Each structure stands twice: as structure tokens, then as C-alpha cells.
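Novice: File follows, run-v7.cif with mmCIF, C-alpha atoms:
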data_final
loop_
_atom_site.label_atom_id
_atom_site.label_comp_id
_atom_site.auth_asym_id
_atom_site.auth_seq_id
_atom_site.Cartn_x
_atom_site.Cartn_y
_atom_site.Cartn_z
CA MET Q 1 0.00 0.00 0.00
CA GLU Q 2 1.26 3.48 -0.84
CA TYR Q 3 0.30 6.59 1.09
CA GLN Q 4 0.96 10.24 0.46
CA ILE Q 5 2.87 12.52 2.80
CA LEU Q 6 0.95 15.78 2.54
CA GLN Q 7 3.22 18.14 4.46
CA LEU Q 8 6.73 18.27 5.86
CA SER Q 9 9.29 20.88 6.80
CA PHE Q 10 12.53 21.60 4.99
CA TYR Q 11 14.22 20.42 8.18
CA ALA Q 12 12.49 17.00 8.04
CA GLU Q 13 13.20 16.70 4.32
CA ASP Q 14 16.92 17.21 4.95
CA ILE Q 15 16.84 14.45 7.57
CA LEU Q 16 15.05 12.11 5.16
CA LYS Q 17 17.65 12.66 2.45
CA ASN Q 18 20.46 11.55 4.74
CA LEU Q 19 18.89 8.39 6.18
CA THR Q 20 18.98 4.88 4.77
CA SER Q 21 17.50 2.68 7.50
CA GLY Q 22 16.05 2.84 10.99
CA THR Q 23 13.37 1.47 13.26
CA VAL Q 24 10.01 2.42 14.71
CA HIS Q 25 10.74 4.21 17.96
CA SER Q 26 7.17 4.27 19.30
CA VAL Q 27 3.54 4.25 18.17
CA TYR Q 28 0.73 6.42 19.47
CA ARG Q 29 -2.80 7.02 18.30
CA ARG Q 30 -1.92 9.84 15.89
CA THR Q 31 1.82 9.30 15.48
CA ILE Q 32 4.41 6.72 14.43
CA ASN Q 33 7.84 7.89 15.59
CA LEU Q 34 10.84 6.73 13.56
CA THR Q 35 14.53 6.83 14.49
CA ASP Q 36 17.96 5.95 13.17
CA GLY Q 37 19.28 5.97 16.73
CA LYS Q 38 20.19 9.65 16.59
CA GLN Q 39 17.30 11.57 15.06
CA LEU Q 40 13.52 11.30 15.15
CA LEU Q 41 10.85 11.77 12.50
CA ALA Q 42 7.12 11.52 13.16
CA LEU Q 43 4.53 10.10 10.76
CA GLN Q 44 1.36 11.88 11.85
CA ALA Q 45 -2.33 11.75 10.98
CA GLU Q 46 -3.85 14.34 8.68
CA GLY Q 47 -4.74 17.52 10.54
CA SER Q 48 -1.95 17.20 13.11
CA PRO Q 49 0.00 20.41 13.83
CA LEU Q 50 3.14 20.62 11.72
CA SER Q 51 6.39 20.44 13.68
CA PRO Q 52 9.95 20.44 12.30
CA ILE Q 53 10.07 16.62 12.48
CA SER Q 54 6.51 15.96 11.23
CA LEU Q 55 5.54 13.98 8.16
CA ILE Q 56 1.80 14.71 7.89
CA LEU Q 57 -0.06 11.88 6.14
CA SER Q 58 -3.22 11.57 4.09
CA LEU Q 59 -4.60 9.27 6.79
CA SER Q 60 -7.01 9.94 9.62
CA SER Q 61 -6.15 8.97 13.19
CA GLU Q 62 -8.42 5.94 12.82
CA ASP Q 63 -6.75 4.89 9.56
CA LEU Q 64 -3.31 5.28 11.10
CA GLU Q 65 -4.28 2.96 13.93
CA THR Q 66 -5.16 0.18 11.47
CA LEU Q 67 -1.59 -0.03 10.12
CA SER Q 68 0.29 -3.09 11.36
CA VAL Q 69 3.30 -1.17 12.67
CA ALA Q 70 4.92 -1.65 16.07
CA ALA Q 71 7.91 -0.38 18.01
CA GLY Q 72 11.10 -2.04 16.80
CA ASP Q 73 9.88 -2.62 13.23
CA THR Q 74 12.39 -1.93 10.48
CA VAL Q 75 11.96 1.12 8.24
CA ARG Q 76 13.83 1.83 5.01
CA PHE Q 77 14.32 5.38 3.82
CA THR Q 78 14.19 5.65 0.07
CA ASP Q 79 14.57 8.41 -2.47
CA GLY Q 80 11.40 10.42 -2.04
CA GLY Q 81 10.00 8.71 1.03
CA LEU Q 82 10.18 5.64 3.25
CA GLU Q 83 8.76 2.14 3.53
CA PHE Q 84 8.15 -0.67 5.98
CA PRO Q 85 9.22 -4.10 4.65
CA CYS Q 86 6.65 -6.88 4.65
CA PRO Q 87 7.49 -9.37 7.48
CA LEU Q 88 6.90 -12.35 5.16
CA TYR Q 89 8.66 -10.91 2.12
CA ALA Q 90 11.42 -8.60 3.31
CA HIS Q 91 12.17 -7.46 -0.24
CA ARG Q 92 8.60 -6.16 -0.66
CA PRO Q 93 7.26 -3.05 1.08
CA ALA Q 94 4.16 -3.57 3.20
CA TYR Q 95 3.60 0.19 3.35
CA ARG Q 96 5.22 2.92 1.32
CA PHE Q 97 5.01 6.64 2.13
CA THR Q 98 5.97 9.13 -0.55
CA CYS Q 99 6.60 12.85 -0.24
CA ARG Q 100 6.70 13.33 -3.99
CA ASP Q 101 3.83 15.87 -4.03
CA ALA Q 102 4.07 17.05 -0.43
CA GLY Q 103 3.88 20.68 0.59
CA ARG Q 104 7.18 21.93 2.03
CA PHE Q 105 7.33 24.47 4.86
CA ASP Q 106 10.16 26.58 6.22
CA LEU Q 107 9.67 26.41 10.00
CA ALA Q 108 12.89 28.20 10.92
CA LEU Q 109 12.74 31.61 12.54
CA HIS Q 110 14.97 33.94 10.54
CA GLU Q 111 14.29 37.44 11.84
CA PRO Q 112 13.01 38.65 15.22
CA LEU Q 113 9.75 40.51 15.53
CA ASP Q 114 9.80 44.30 15.22
CA PRO Q 115 10.39 45.59 18.78
CA GLY Q 116 7.36 47.83 18.49
CA LEU Q 117 5.14 44.78 18.01
CA LEU Q 118 6.39 42.84 21.04
CA PRO Q 119 3.92 44.43 23.52
CA THR Q 120 1.04 43.37 21.25
CA LEU Q 121 2.30 39.79 21.01
CA ARG Q 122 2.83 39.69 24.78
CA ALA Q 123 -0.72 40.94 25.38
CA HIS Q 124 -2.22 38.43 22.94
CA ILE Q 125 -0.38 35.51 24.58
CA GLN Q 126 -1.37 36.65 28.08
CA SER Q 127 -5.00 36.92 26.98
CA ALA Q 128 -4.90 33.48 25.39
CA LEU Q 129 -3.43 31.89 28.51
CA SER Q 130 -6.06 33.52 30.70
CA HIS Q 131 -8.76 31.61 28.78
CA THR Q 132 -7.20 28.16 28.75
CA ASP Q 133 -8.05 25.28 31.05
CA THR Q 134 -5.37 22.87 29.86
CA GLY Q 135 -3.53 22.98 33.19
CA GLY Q 136 0.25 22.55 33.11
CA PHE Q 137 2.44 25.63 33.37
CA ALA Q 138 -0.47 27.85 32.28
CA LEU Q 139 -1.61 27.77 35.90
CA LEU Q 140 1.56 29.68 36.78
CA PHE Q 141 0.99 32.41 34.18
CA GLN Q 142 -2.70 33.26 34.58
CA ASP Q 143 -3.11 36.74 36.09
CA CYS Q 144 -6.54 35.84 37.40
CA ARG Q 145 -5.18 32.95 39.42
CA GLN Q 146 -4.28 33.88 43.00
CA ASP Q 147 -4.79 30.60 44.87
CA THR Q 148 -1.77 28.33 44.61
CA ASP Q 149 -2.77 25.93 47.38
CA ASP Q 150 -3.93 23.33 44.88
CA LEU Q 151 -0.79 23.40 42.72
CA SER Q 152 0.93 20.04 42.34
CA LEU Q 153 4.41 19.50 43.72
CA ILE Q 154 5.69 19.56 40.12
CA LEU Q 155 4.18 22.98 39.47
CA LEU Q 156 5.38 24.33 42.82
CA ALA Q 157 8.91 23.22 41.93
CA ALA Q 158 8.63 24.73 38.46
CA ARG Q 159 7.35 28.02 39.89
CA ASP Q 160 10.31 28.22 42.26
CA HIS Q 161 12.85 27.51 39.51
CA ILE Q 162 11.29 30.09 37.17
CA ARG Q 163 11.10 32.77 39.87
CA ARG Q 164 14.68 32.15 40.97
CA SER Q 165 15.90 32.29 37.39
CA SER Q 166 14.10 35.61 36.88
CA GLU Q 167 15.77 37.05 39.97
CA LEU Q 168 19.20 35.94 38.82
CA TYR Q 169 18.56 37.30 35.33
CA LEU Q 170 17.62 40.73 36.69
CA ARG Q 171 20.84 40.74 38.73
CA GLY Q 172 22.84 40.03 35.58
CA ASP Q 173 23.95 36.55 36.64
CA TYR Q 174 22.99 35.07 33.28
CA GLN Q 175 24.94 31.83 33.54
CA GLU Q 176 23.37 30.87 36.87
CA ALA Q 177 19.95 32.05 35.66
CA ALA Q 178 20.23 29.65 32.71
CA ARG Q 179 21.37 26.80 34.92
CA VAL Q 180 18.46 27.29 37.32
CA LEU Q 181 15.88 27.59 34.53
CA THR Q 182 16.94 24.27 33.00
CA ARG Q 183 15.95 22.58 36.25
CA VAL Q 184 12.42 22.47 34.78
CA LEU Q 185 13.70 20.06 32.10
CA GLY Q 186 11.85 16.76 32.47
CA LEU Q 187 9.28 18.21 34.90
CA GLY Q 188 5.74 17.06 34.17
CA THR Q 189 3.95 14.09 32.68
CA GLY Q 190 2.73 13.17 29.23
CA LEU Q 191 4.34 12.57 25.86
CA THR Q 192 6.51 15.67 26.35
CA PRO Q 193 6.98 17.00 29.90
CA SER Q 194 5.67 20.52 30.52
CA GLY Q 195 9.12 21.76 31.49
CA ASP Q 196 10.56 20.72 28.14
CA ASP Q 197 7.77 22.44 26.20
CA PHE Q 198 8.31 25.54 28.34
CA LEU Q 199 12.01 25.59 27.46
CA CYS Q 200 11.20 25.26 23.75
CA GLY Q 201 8.97 28.28 24.20
CA VAL Q 202 11.69 30.22 25.99
CA LEU Q 203 14.07 29.64 23.07
CA ALA Q 204 11.38 30.79 20.62
CA GLY Q 205 10.56 33.84 22.73
CA LEU Q 206 14.21 34.86 23.00
CA PHE Q 207 14.49 34.72 19.22
CA LEU Q 208 11.28 36.65 18.62
CA ALA Q 209 12.41 39.31 21.09
CA GLY Q 210 15.80 39.69 19.41
CA LYS Q 211 17.63 38.25 22.42
CA SER Q 212 18.90 35.00 20.88
CA ARG Q 213 22.50 36.24 20.61
CA ARG Q 214 22.73 37.70 24.10
CA PRO Q 215 24.71 36.01 26.91
CA PHE Q 216 21.70 34.48 28.66
CA ALA Q 217 20.52 32.77 25.48
CA GLY Q 218 24.00 31.40 24.87
CA TYR Q 219 24.27 29.97 28.36
CA LEU Q 220 20.74 28.54 28.15
CA LYS Q 221 21.38 26.82 24.82
CA ALA Q 222 24.62 25.32 26.10
CA GLU Q 223 22.93 24.05 29.26
CA ILE Q 224 19.99 22.52 27.36
CA ALA Q 225 22.33 20.87 24.84
CA ARG Q 226 24.37 19.42 27.69
CA ARG Q 227 21.27 17.97 29.37
CA LEU Q 228 19.32 16.57 26.41
CA SER Q 229 19.88 13.03 27.64
CA ASP Q 230 18.12 13.92 30.91
CA THR Q 231 14.71 13.84 29.26
CA ILE Q 232 12.75 11.53 26.96
CA ASP Q 233 13.75 11.06 23.32
CA ILE Q 234 10.77 12.88 21.82
CA SER Q 235 11.28 15.96 23.98
CA ALA Q 236 15.00 15.89 23.23
CA ALA Q 237 14.18 15.90 19.51
CA PHE Q 238 12.00 19.02 19.82
CA LEU Q 239 14.56 20.76 22.01
CA SER Q 240 17.27 19.93 19.45
CA CYS Q 241 15.10 21.55 16.79
CA ALA Q 242 14.60 24.63 18.97
CA LEU Q 243 18.36 24.92 19.47
CA GLU Q 244 18.56 25.28 15.67
CA ASP Q 245 15.73 27.88 15.62
CA GLN Q 246 13.29 25.32 14.19
CA PHE Q 247 9.79 25.46 15.68
CA SER Q 248 6.24 24.32 15.01
CA LEU Q 249 3.96 26.08 12.53
CA PRO Q 250 1.90 27.70 15.35
CA VAL Q 251 5.10 29.27 16.74
CA LYS Q 252 6.09 30.55 13.29
CA SER Q 253 2.59 32.03 12.91
CA LEU Q 254 3.22 34.34 15.89
CA LEU Q 255 5.10 36.59 13.47
CA THR Q 256 1.68 37.56 12.07
CA LEU Q 257 0.34 38.55 15.53
CA PRO Q 258 -2.75 36.30 15.48
CA ALA Q 259 -5.69 37.33 17.66
CA PRO Q 260 -5.77 35.66 21.10
CA GLU Q 261 -8.64 33.36 20.14
CA LYS Q 262 -6.95 32.10 16.98
CA LEU Q 263 -3.62 31.87 18.76
CA LEU Q 264 -5.07 29.72 21.53
CA ILE Q 265 -6.83 27.36 19.13
CA SER Q 266 -3.65 26.71 17.13
CA PHE Q 267 -1.52 26.03 20.21
CA GLN Q 268 -4.11 23.86 21.94
CA GLU Q 269 -4.07 21.58 18.90
CA ILE Q 270 -0.42 20.71 19.60
CA GLY Q 271 -1.30 18.42 22.49
CA HIS Q 272 -2.90 18.21 25.93
CA SER Q 273 -0.95 21.09 27.49
CA SER Q 274 2.14 21.10 25.27
CA GLY Q 275 1.04 24.11 23.24
CA THR Q 276 0.09 26.27 26.20
CA ASP Q 277 3.26 25.23 28.06
CA THR Q 278 5.19 26.49 25.03
CA LEU Q 279 3.24 29.76 25.12
CA CYS Q 280 4.21 30.17 28.78
CA GLY Q 281 7.88 29.90 27.84
CA ILE Q 282 7.46 32.46 25.06
CA LEU Q 283 5.67 34.86 27.41
CA TRP Q 284 8.42 34.51 30.04
CA ALA Q 285 11.14 35.20 27.47
CA LEU Q 286 9.34 38.28 26.14
CA GLY Q 287 9.62 39.72 29.67
#
With the file now loaded, output its structure as C-alpha cells.
Specialist:
Amino acid sequence: MEYQILQLSFYAEDILKNLTSGTVHSVYRRTINLTDGKQLLALQAEGSPLSPISLILSLSSEDLETLSVAAGDTVRFTDGGLEFPCPLYAHRPAYRFTCRDAGRFDLALHEPLDPGLLPTLRAHIQSALSHTDTGGFALLFQDCRQDTDDLSLILLAARDHIRRSSELYLRGDYQEAARVLTRVLGLGTGLTPSGDDFLCGVLAGLFLAGKSRRPFAGYLKAEIARRLSDTIDISAAFLSCALEDQFSLPVKSLLTLPAPEKLLISFQEIGHSSGTDTLCGILWALG
């Protein structure tokens, strides 16, 4: 059976071109993660948000679930796509996925936002977060929220790390501020921990605010790169992308200053609280 890859990023296409073989890393309802042992790519159901490592398919979530693919299965990367060999006839593909007619997207951030537009973006993100009920780090960034008695131990720890990092940053101790902020790495549950999504957002926010070449950003990137093995593979893949200024399509869309309602919808589609956790990181970095 042959299936069409509808969308992918230039970043994912470059990875595809340099791979020959790999295995299925993991399988979820809307995603089949693939790896060569170093990098990840994600076959995802139609309608999934486009990330730098996404290969968006012409298959619904239900259709994707019917494929006989499991963790550990072999995958071959071919010119123009990839295929899973048939278990009974290894020389024949059971499933082939082609990106021949796929739409390509540049998900890299190239230029920061005009400084005069930053207050508007900050206001839109704050408004969006005030209307979300996804939980996660959003509970720490909602102005209307005063009661912290019901915060989980994870969120209490995250709040303390973020506050301490802010204090150190304001004092000009950028290296220690970066070290303290990366203590949120791995904090949280789910496919990607909230702390990891938050750090991806911080890296995006620093870029958007024109701060990506300042000392704090340099220390933060070095600390995240050093600690990538401290979190799960999927989170590490997204953080690796962020270190190269590669982000999801919703993040790239922030350059157009979407209205709070539209902004919230696009980020909530990323995952349970992953999108809003990312927004929290962006808001923190914008200051």
C-alpha cells in the first residue's frame, strides 16, 4: 500500500535525504515515531499540527491505527519517502510513504519581531493563557489565578525555579539564571513534559524578542544541549530543533500577531498542554 505525505518541513526533508534505515521508535494514536538511533521523525495523521520533524499523512487517526506497525519494526528510507518491509517478504514493502507531491514548509525563525510589536504579542499571549483550562504551566501564568494551594508538587517546583531564574537574570547573573531555569527540564507528565515544552517556548521567545545572541541565550542553549539526555527522546528531539531555531507552525505564525482566540486554538491543537506550556515559555522570554 502506498500513502501520500501531505506536508513536511525543509528540516524534516533534509533528515530524510540523509537516512537509509532505521526502526520504529514508538507508536501512538496519531503518530508513528521513527529513528535511526540519533534523530527522530514523526509520521502523523492528517490535521496534526506541523512540527519540524513531522511527516503529515493523508490518513485519519483511525486509519493510522489500522496499520500493522509496532515499536522495533524496520523502516527503510528511500529516495522520495520511506517504507516498511513486509514481514513475510522482506524485499517487498508492506507500506510505502511518498513525499513526492508534499507541501514543504520553512519552519525556521529567521528574523526577530519588530520591537514595536512585542507588547502586542505579549498581550495576545497573556490573553490566550487567561482563557485556557489545559492545566500545566499555564496555571503559573494566569493573572486571574491567586490561589496556589492546589498546585501540584511539580508545578510548585517549576514556579520556584522560574522565579529564581528571573531574579538571577535581573541581577545580571545570566549563567546561573540559565542553569536554574533548565531545572524544569523533564518536569511534568505526558508525551513531552511541561518543562521541556516551556524551554522550547523560551528559546522561541528569546528569538522573537531579538535576544537569541545575548549572553543568557548562549548559556541557556549550552545548558539545554548538555542535558538533552536527561529527558525523553521525543522531547529531546523538539529541544534539538529549537536549538537550531526550528519550531512548530503555530510558533512561526506568531510573526503575524494572530488574535488571542486564533492563537489559543492553534496552540491547543499541539497536544494536551504542550502548546500552552510552550506559550508560557514564550511569554516569560518576552519579559
Novice: So what do you get for atom CA of Q:Leu249 versus atom CA of Q:Phe105, distance-wise?
Specialist: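 Computing the Euclidean distance for atom CA of Q:Leu249 and atom CA of Q:Phe105 yields 8.5 Å.
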Novice: Have a look at atom CA of Q:Arg183 and atom CA of Q:Ser165 and let me know their distance in Å, one decimal.
Specialist: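 These atoms are spaced 9.8 Å apart.
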Novice: Under the rule that all atoms listed in the file are counted, which of Q:Leu19, Q:Ala123, Q:Leu279, Q:Leu64 is the nearest residue to Q:Arg76?
Specialist: Q:Leu19
Novice: Could you tell me which of Q:Ser9, Q:Asp277, Q:Arg100, Q:His110 comes closest to Q:Leu155 if we count all atoms listed in the file?
Specialist: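 The shortest atom-to-atom distance to Q:Leu155 comes from Q:Asp277.
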Novice: Using only C-alpha atoms, determine which residues lie at most 9 Å from Q:Leu206, disregarding the query and same-chain residues fewer than 3 positions distant; provide the list as a PyMOL selection string.
Specialist: chain Q and resi 112+201-203+209-213+217+282+285-286
Novice: Could you dump the residues just selected with C-alpha atoms as a tab-separated table (two decimals), in the frame of the given file?
Specialist:
chain	number	residue	atom	x	y	z
Q	112	PRO	CA	13.01	38.65	15.22
Q	201	GLY	CA	8.97	28.28	24.20
Q	202	VAL	CA	11.69	30.22	25.99
Q	203	LEU	CA	14.07	29.64	23.07
Q	209	ALA	CA	12.41	39.31	21.09
Q	210	GLY	CA	15.80	39.69	19.41
Q	211	LYS	CA	17.63	38.25	22.42
Q	212	SER	CA	18.90	35.00	20.88
Q	213	ARG	CA	22.50	36.24	20.61
Q	217	ALA	CA	20.52	32.77	25.48
Q	282	ILE	CA	7.46	32.46	25.06
Q	285	ALA	CA	11.14	35.20	27.47
Q	286	LEU	CA	9.34	38.28	26.14
Novice: Residues around (10.9, 9.6, 15.9), cut-off 8 Å, counting only C-alpha atoms - what are they as an MDAnalysis selection string?
Specialist: chainID Q and resid 24:26 32:35 39:42 53 234 237
Novice: If I only have part of stretch 258-287 of chain Q, can you fill in N, CA and C atoms and write it as a PDB file, keeping the file's coordinate frame?
Specialist:
ATOM      1  N   PRO Q 258      -1.360  36.776  15.504  1.00  0.00           N
ATOM      2  CA  PRO Q 258      -2.750  36.300  15.480  1.00  0.00           C
ATOM      3  C   PRO Q 258      -3.522  36.766  16.703  1.00  0.00           C
ATOM      4  N   ALA Q 259      -4.825  36.934  16.545  1.00  0.00           N
ATOM      5  CA  ALA Q 259      -5.690  37.330  17.660  1.00  0.00           C
ATOM      6  C   ALA Q 259      -5.634  36.254  18.741  1.00  0.00           C
ATOM      7  N   PRO Q 260      -5.861  36.626  20.006  1.00  0.00           N
ATOM      8  CA  PRO Q 260      -5.770  35.660  21.100  1.00  0.00           C
ATOM      9  C   PRO Q 260      -6.579  34.388  20.890  1.00  0.00           C
ATOM     10  N   GLU Q 261      -7.780  34.528  20.335  1.00  0.00           N
ATOM     11  CA  GLU Q 261      -8.640  33.360  20.140  1.00  0.00           C
ATOM     12  C   GLU Q 261      -8.033  32.403  19.128  1.00  0.00           C
ATOM     13  N   LYS Q 262      -7.559  32.939  18.016  1.00  0.00           N
ATOM     14  CA  LYS Q 262      -6.950  32.100  16.980  1.00  0.00           C
ATOM     15  C   LYS Q 262      -5.639  31.509  17.482  1.00  0.00           C
ATOM     16  N   LEU Q 263      -4.894  32.314  18.200  1.00  0.00           N
ATOM     17  CA  LEU Q 263      -3.620  31.870  18.760  1.00  0.00           C
ATOM     18  C   LEU Q 263      -3.823  30.681  19.689  1.00  0.00           C
ATOM     19  N   LEU Q 264      -4.817  30.790  20.564  1.00  0.00           N
ATOM     20  CA  LEU Q 264      -5.070  29.720  21.530  1.00  0.00           C
ATOM     21  C   LEU Q 264      -5.503  28.436  20.842  1.00  0.00           C
ATOM     22  N   ILE Q 265      -6.359  28.548  19.847  1.00  0.00           N
ATOM     23  CA  ILE Q 265      -6.830  27.360  19.130  1.00  0.00           C
ATOM     24  C   ILE Q 265      -5.653  26.619  18.484  1.00  0.00           C
ATOM     25  N   SER Q 266      -4.761  27.358  17.833  1.00  0.00           N
ATOM     26  CA  SER Q 266      -3.650  26.710  17.130  1.00  0.00           C
ATOM     27  C   SER Q 266      -2.690  26.031  18.098  1.00  0.00           C
ATOM     28  N   PHE Q 267      -2.454  26.638  19.253  1.00  0.00           N
ATOM     29  CA  PHE Q 267      -1.520  26.030  20.210  1.00  0.00           C
ATOM     30  C   PHE Q 267      -2.155  24.896  20.992  1.00  0.00           C
ATOM     31  N   GLN Q 268      -3.464  24.963  21.225  1.00  0.00           N
ATOM     32  CA  GLN Q 268      -4.110  23.860  21.940  1.00  0.00           C
ATOM     33  C   GLN Q 268      -4.171  22.606  21.092  1.00  0.00           C
ATOM     34  N   GLU Q 269      -4.065  22.749  19.780  1.00  0.00           N
ATOM     35  CA  GLU Q 269      -4.070  21.580  18.900  1.00  0.00           C
ATOM     36  C   GLU Q 269      -2.765  20.794  18.970  1.00  0.00           C
ATOM     37  N   ILE Q 270      -1.720  21.380  19.551  1.00  0.00           N
ATOM     38  CA  ILE Q 270      -0.420  20.710  19.600  1.00  0.00           C
ATOM     39  C   ILE Q 270      -0.471  19.484  20.495  1.00  0.00           C
ATOM     40  N   GLY Q 271      -1.226  19.549  21.568  1.00  0.00           N
ATOM     41  CA  GLY Q 271      -1.300  18.420  22.490  1.00  0.00           C
ATOM     42  C   GLY Q 271      -1.910  18.873  23.791  1.00  0.00           C
ATOM     43  N   HIS Q 272      -2.187  17.943  24.673  1.00  0.00           N
ATOM     44  CA  HIS Q 272      -2.900  18.210  25.930  1.00  0.00           C
ATOM     45  C   HIS Q 272      -2.569  19.580  26.512  1.00  0.00           C
ATOM     46  N   SER Q 273      -1.356  19.767  27.009  1.00  0.00           N
ATOM     47  CA  SER Q 273      -0.950  21.090  27.490  1.00  0.00           C
ATOM     48  C   SER Q 273       0.350  21.548  26.835  1.00  0.00           C
ATOM     49  N   SER Q 274       0.852  20.782  25.879  1.00  0.00           N
ATOM     50  CA  SER Q 274       2.140  21.100  25.270  1.00  0.00           C
ATOM     51  C   SER Q 274       2.160  22.487  24.633  1.00  0.00           C
ATOM     52  N   GLY Q 275       1.097  22.821  23.916  1.00  0.00           N
ATOM     53  CA  GLY Q 275       1.040  24.110  23.240  1.00  0.00           C
ATOM     54  C   GLY Q 275       1.009  25.273  24.211  1.00  0.00           C
ATOM     55  N   THR Q 276       0.177  25.162  25.246  1.00  0.00           N
ATOM     56  CA  THR Q 276       0.090  26.270  26.200  1.00  0.00           C
ATOM     57  C   THR Q 276       1.338  26.337  27.076  1.00  0.00           C
ATOM     58  N   ASP Q 277       1.975  25.203  27.343  1.00  0.00           N
ATOM     59  CA  ASP Q 277       3.260  25.230  28.060  1.00  0.00           C
ATOM     60  C   ASP Q 277       4.305  25.982  27.233  1.00  0.00           C
ATOM     61  N   THR Q 278       4.282  25.770  25.929  1.00  0.00           N
ATOM     62  CA  THR Q 278       5.190  26.490  25.030  1.00  0.00           C
ATOM     63  C   THR Q 278       4.897  27.985  25.063  1.00  0.00           C
ATOM     64  N   LEU Q 279       3.619  28.344  25.048  1.00  0.00           N
ATOM     65  CA  LEU Q 279       3.240  29.760  25.120  1.00  0.00           C
ATOM     66  C   LEU Q 279       3.740  30.402  26.412  1.00  0.00           C
ATOM     67  N   CYS Q 280       3.706  29.650  27.499  1.00  0.00           N
ATOM     68  CA  CYS Q 280       4.210  30.170  28.780  1.00  0.00           C
ATOM     69  C   CYS Q 280       5.688  30.516  28.664  1.00  0.00           C
ATOM     70  N   GLY Q 281       6.448  29.643  28.021  1.00  0.00           N
ATOM     71  CA  GLY Q 281       7.880  29.900  27.840  1.00  0.00           C
ATOM     72  C   GLY Q 281       8.126  31.139  26.976  1.00  0.00           C
ATOM     73  N   ILE Q 282       7.329  31.280  25.933  1.00  0.00           N
ATOM     74  CA  ILE Q 282       7.460  32.460  25.060  1.00  0.00           C
ATOM     75  C   ILE Q 282       7.149  33.726  25.854  1.00  0.00           C
ATOM     76  N   LEU Q 283       6.063  33.694  26.629  1.00  0.00           N
ATOM     77  CA  LEU Q 283       5.670  34.860  27.410  1.00  0.00           C
ATOM     78  C   LEU Q 283       6.764  35.231  28.410  1.00  0.00           C
ATOM     79  N   TRP Q 284       7.351  34.239  29.075  1.00  0.00           N
ATOM     80  CA  TRP Q 284       8.420  34.510  30.040  1.00  0.00           C
ATOM     81  C   TRP Q 284       9.616  35.176  29.355  1.00  0.00           C
ATOM     82  N   ALA Q 285       9.976  34.675  28.173  1.00  0.00           N
ATOM     83  CA  ALA Q 285      11.140  35.200  27.470  1.00  0.00           C
ATOM     84  C   ALA Q 285      10.905  36.621  26.951  1.00  0.00           C
ATOM     85  N   LEU Q 286       9.652  36.932  26.630  1.00  0.00           N
ATOM     86  CA  LEU Q 286       9.340  38.280  26.140  1.00  0.00           C
ATOM     87  C   LEU Q 286       9.475  39.313  27.262  1.00  0.00           C
ATOM     88  N   GLY Q 287       9.407  38.844  28.531  1.00  0.00           N
ATOM     89  CA  GLY Q 287       9.620  39.720  29.670  1.00  0.00           C
ATOM     90  C   GLY Q 287       8.391  40.562  30.033  1.00  0.00           C
TER      91      GLY Q 287
END
